[in-house]
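Asks: This is the structure I want to talk about, given as structure tokens.
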Amino acid sequence: MIVGVPREIYPKERRVALIPAVVANLKKAGLEVCVEAGAGLAAGFPDKEYEEKGAKIIAERAEVFRAADMIVQFLCHGANDKNGGADLPLLRKGQALVGFLRPLGDVKTLEEVAACGVMSFAVELMPRTTRAQSMDALSSMATICGYKAVLVAAETLPRMFPMLTTAAGTIAPARVLIIGAGVAGLQAIATARRLGAVASAYDMRPASKEQVESLGGRFVELPIEAKDAQDARGYGKAQDESFYAKQRELLGNVIAESNVVITAAVIPGKKSPVLVTKEMVARMAPGSVIVDLAAERGGNCELTKPDEITLEHNVTIIGEYNLAGTVPYHASQMYAKNVTAFLLHLVKDGKLQLNLQDEIIRETLVTRDGEVVSARVREFFGLPAPVGKA
Ligand SMILES: NC(=O)c1ccc[n+]([C@@H]2O[C@H](COP(=O)([O-])OP(=O)(O)OC[C@H]3O[C@@H](n4cnc5c(N)ncnc54)[C@H](O)[C@@H]3O)[C@@H](O)[C@H]2O)c1
């Protein structure tokens, strides 16, 4: 089997789906790797390094799609909402496609992928089990986003992060508040602490208290309790508007006292809850910074502008989408490891084994034989049962 790695075409995207270091592992499992020329360069992986590890470099993009039995990408059509559709004519029946597909985004893009006849696997649907942990690309990207959010905030804030005692007086440490202590939020706490800030965090899942505290963060306790804060998959569950209203009321003072607020409270497939209103922004000290990691899904801050940096009430609000893409070397390294683990799971004796008894394969499979076959996706979009056998 041949695994093809095309260059990412999303504007300014610098990541690459597989890096030279994973080629040997794939070859051992009977998989050949071909890479579009220059695909890894912007992430720090020149063609020469792929060749040294035994991958083949192919000059023409269309030829990569023609040669490969399996295409591995970061942003496939759907997740790439700018120009991802350009790849559709290059896909062919029976080919496998692995990558971010935004399976709970727009059913139309999924149907377009299905119409190409490909067997597509969305990394976003990876189950949250111990067995699938090494394949969890969402967690990898969230780790990078949490780290980078703090660096971007530190760069923007007109203050330093650590406490300093100098001949010119004592500098108070920056106060960083993180809302939503999932993978990204926890990495943000750890990074803020490393830079010397005082970090506190709030999450509606009571289980996160211990994790926040183990990283040296203070857990903000609010006198409200979420109903079933977590679903069976380990994701936060949407709450009703009265819960969010109460949260906003209680969070107001904590936010006003913070120099930096990093919001990372997302609910899969849903618009993000607004937890920071414009009134709350107005109460923050001039120069404060908000980094809204939920921007792509509407944002946790009412004033966030999608994929923009704006100044409102003298507070900088950063709503940039692709923070993980700004660390392309390690984002590619982590993703390549995740995807390789997945491919090795999917392929036995050099052949793709579509074992639908296997939870990892069944849950991530989105399209097959011209149809959207994922039960979770069909249920989400209210589609009737698939016609085919999958
Ligand atoms: N393989 C695994 O076992 C695995 C993999 C990844 C994550 N996890 C765990 O799953 C949990 C969630 O992590 P995630 O990064 O996927 O989360 P996520 O990206 O889905 O959501 C971010 C966080 O926002 C919180 N949130 C949502 N709405 C909120 C609100 N209104 N107010 C406050 N907080 C709100 C959620 O509780 C969650 O912690 C973590 O405990 C993480 O360690 C487990």
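Just remember, in the structure tokens the first chain shown is A, the second B, etc., residues are 1-based per chain, and ligands are 1-based in the order shown.
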For Arg248 of chain A, find every residue with an atom within 9 Å (counting only C-alpha atoms), except residues of its own chain fewer than 4 positions away, and show them as a PyMOL selection string.
Replies: chain A and resi 243-244+252+274-277+280
Asks: Find the spatial neighbours of segment 163-166 of chain A, counting only C-alpha atoms, within a cut-off of 10 Å - ignore same-chain residues fewer than 4 positions away - and output them as a PyMOL selection string.
Replies: chain A and resi 170-174+195-198
Asks: What's the 8 Å shell around Leu31 of chain A, counting only C-alpha atoms, without same-chain residues fewer than 3 positions away, as a ChimeraX atom specification?
Replies: /A:1-3,26-28,350
Asks: Restricted to N, CA and C atoms, what would the selected residues look like written as a PDB file, in the first residue's frame?
Replies:
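And here is the file that came out, part-v3.pdb:
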ATOM      1  N   MET A   1       0.837  -1.204   0.000  1.00  0.00           N
ATOM      2  CA  MET A   1       0.000   0.000   0.000  1.00  0.00           C
ATOM      3  C   MET A   1       0.868   1.249   0.000  1.00  0.00           C
ATOM      4  N   ILE A   2       0.375   2.249  -0.661  1.00  0.00           N
ATOM      5  CA  ILE A   2       1.128   3.509  -0.720  1.00  0.00           C
ATOM      6  C   ILE A   2       0.362   4.604   0.014  1.00  0.00           C
ATOM      7  N   VAL A   3       1.067   5.277   0.920  1.00  0.00           N
ATOM      8  CA  VAL A   3       0.479   6.401   1.645  1.00  0.00           C
ATOM      9  C   VAL A   3       0.969   7.682   0.986  1.00  0.00           C
ATOM     10  N   LEU A  26       6.321   3.086   9.165  1.00  0.00           N
ATOM     11  CA  LEU A  26       5.291   2.742   8.180  1.00  0.00           C
ATOM     12  C   LEU A  26       5.827   1.689   7.214  1.00  0.00           C
ATOM     13  N   LYS A  27       7.085   1.857   6.838  1.00  0.00           N
ATOM     14  CA  LYS A  27       7.687   0.893   5.891  1.00  0.00           C
ATOM     15  C   LYS A  27       7.748  -0.498   6.524  1.00  0.00           C
ATOM     16  N   LYS A  28       8.051  -0.525   7.803  1.00  0.00           N
ATOM     17  CA  LYS A  28       8.123  -1.802   8.517  1.00  0.00           C
ATOM     18  C   LYS A  28       6.784  -2.536   8.446  1.00  0.00           C
ATOM     19  N   GLY A 350       0.172  -5.233   5.472  1.00  0.00           N
ATOM     20  CA  GLY A 350       0.250  -4.355   4.308  1.00  0.00           C
ATOM     21  C   GLY A 350      -1.089  -4.066   3.640  1.00  0.00           C
TER      22      GLY A 350
END
Asks: Around ligand 1, at most 6 Å away and counting only C-alpha atoms and all ligand atoms, which residues are there? Put them as a ChimeraX atom specification, please.
Replies: /A:128-130,133,139,179-184,203-205,234-236,264-267,273
Asks: With distances taken over only C-alpha atoms, which of A:Arg66, A:Lys351, A:Arg194, A:Lys337 is nearest to Arg92 of chain A?
Replies: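 Of A:Arg66, A:Lys351, A:Arg194, A:Lys337, the one nearest Arg92 of chain A, counting only C-alpha atoms, is A:Arg66.
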Asks: Counting only C-alpha atoms, what is within 7 Å of Ala122 of chain A, bar same-chain residues fewer than 6 positions away, as a PyMOL selection string?
Replies: chain A and resi 98-101+103+364-366
Asks: The selected residues should be written to file as a CSV table (one decimal), in the first residue's frame (atoms: C-alpha atoms).
Replies:
chain,number,residue,atom,x,y,z
A,98,VAL,CA,-7.3,10.4,6.8
A,99,GLY,CA,-7.3,13.8,8.3
A,100,PHE,CA,-9.3,16.6,9.9
A,101,LEU,CA,-12.7,16.6,8.1
A,103,PRO,CA,-17.4,16.0,10.7
A,364,THR,CA,-13.6,7.5,12.9
A,365,LEU,CA,-15.0,6.2,9.6
A,366,VAL,CA,-17.1,8.9,8.1
Asks: Just want the 10 Å neighbourhood of Ile58 of chain A, counted on only C-alpha atoms, with same-chain residues fewer than 6 positions away dropped. Output as a list of chain:residue names.
Replies: A:Gly4, A:Val5, A:Pro6, A:Cys34, A:Val35, A:Glu36, A:Ala37, A:Gly38, A:Ala39, A:Asp47, A:Val64, A:Ala67
Asks: When DSSP works through the backbone of this structure, what residues of segment 54-106 of chain A end up as strand (DSSP E or B), shown as an MDAnalysis selection string?
Replies: chainID A and resid 56:58 70:75 77 80 96:100
Asks: Kindly export the residues of the current selection with C-alpha atoms, as a PDB file, in the first residue's frame.
Replies:
ATOM      1  CA  LYS A  56       9.545   8.975  -2.492  1.00  0.00           C
ATOM      2  CA  ILE A  57       9.239  12.626  -3.462  1.00  0.00           C
ATOM      3  CA  ILE A  58       6.735  13.352  -6.223  1.00  0.00           C
ATOM      4  CA  MET A  70      -4.318   6.245   1.178  1.00  0.00           C
ATOM      5  CA  ILE A  71      -4.088  10.033   1.419  1.00  0.00           C
ATOM      6  CA  VAL A  72      -3.033  11.557   4.711  1.00  0.00           C
ATOM      7  CA  GLN A  73      -3.636  15.250   5.254  1.00  0.00           C
ATOM      8  CA  PHE A  74      -4.020  17.785   8.024  1.00  0.00           C
ATOM      9  CA  LEU A  75      -6.940  19.798   6.640  1.00  0.00           C
ATOM     10  CA  HIS A  77     -12.190  19.336   2.489  1.00  0.00           C
ATOM     11  CA  ASN A  80     -10.188  23.377   4.977  1.00  0.00           C
ATOM     12  CA  ALA A  96      -8.715   6.039   1.894  1.00  0.00           C
ATOM     13  CA  LEU A  97      -8.486   9.567   3.263  1.00  0.00           C
ATOM     14  CA  VAL A  98      -7.317  10.374   6.785  1.00  0.00           C
ATOM     15  CA  GLY A  99      -7.316  13.836   8.343  1.00  0.00           C
ATOM     16  CA  PHE A 100      -9.340  16.619   9.903  1.00  0.00           C
TER      17      PHE A 100
END
Asks: I'd like the neighbourhood of His313 of chain A as a PyMOL selection string, where a residue qualifies if any of its atoms comes within 8 Å (using only C-alpha atoms), though same-chain residues fewer than 3 positions away should be ignored.
Replies: chain A and resi 281-282+286
Asks: For those residues, write N, CA, C and O atoms to a file as a tab-separated table (two decimals), in the first residue's frame.
Replies:
chain	number	residue	atom	x	y	z
A	281	VAL	N	-15.75	42.75	29.58
A	281	VAL	CA	-14.53	43.24	28.94
A	281	VAL	C	-14.29	44.69	29.38
A	281	VAL	O	-13.16	45.07	29.73
A	282	ALA	N	-15.37	45.47	29.41
A	282	ALA	CA	-15.24	46.89	29.77
A	282	ALA	C	-14.73	47.06	31.20
A	282	ALA	O	-14.12	48.07	31.53
A	286	PRO	N	-7.24	48.58	31.42
A	286	PRO	CA	-6.71	48.85	30.09
A	286	PRO	C	-5.42	48.06	29.86
A	286	PRO	O	-4.62	47.91	30.78
Asks: Ranking A:Ile290, A:Met160, A:Asp358, A:Glu225 by minimum distance to Met126 of chain A and counting only C-alpha atoms, which one comes first?
Replies: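 Checking each candidate against Met126 of chain A, we get A:Asp358 as the closest.
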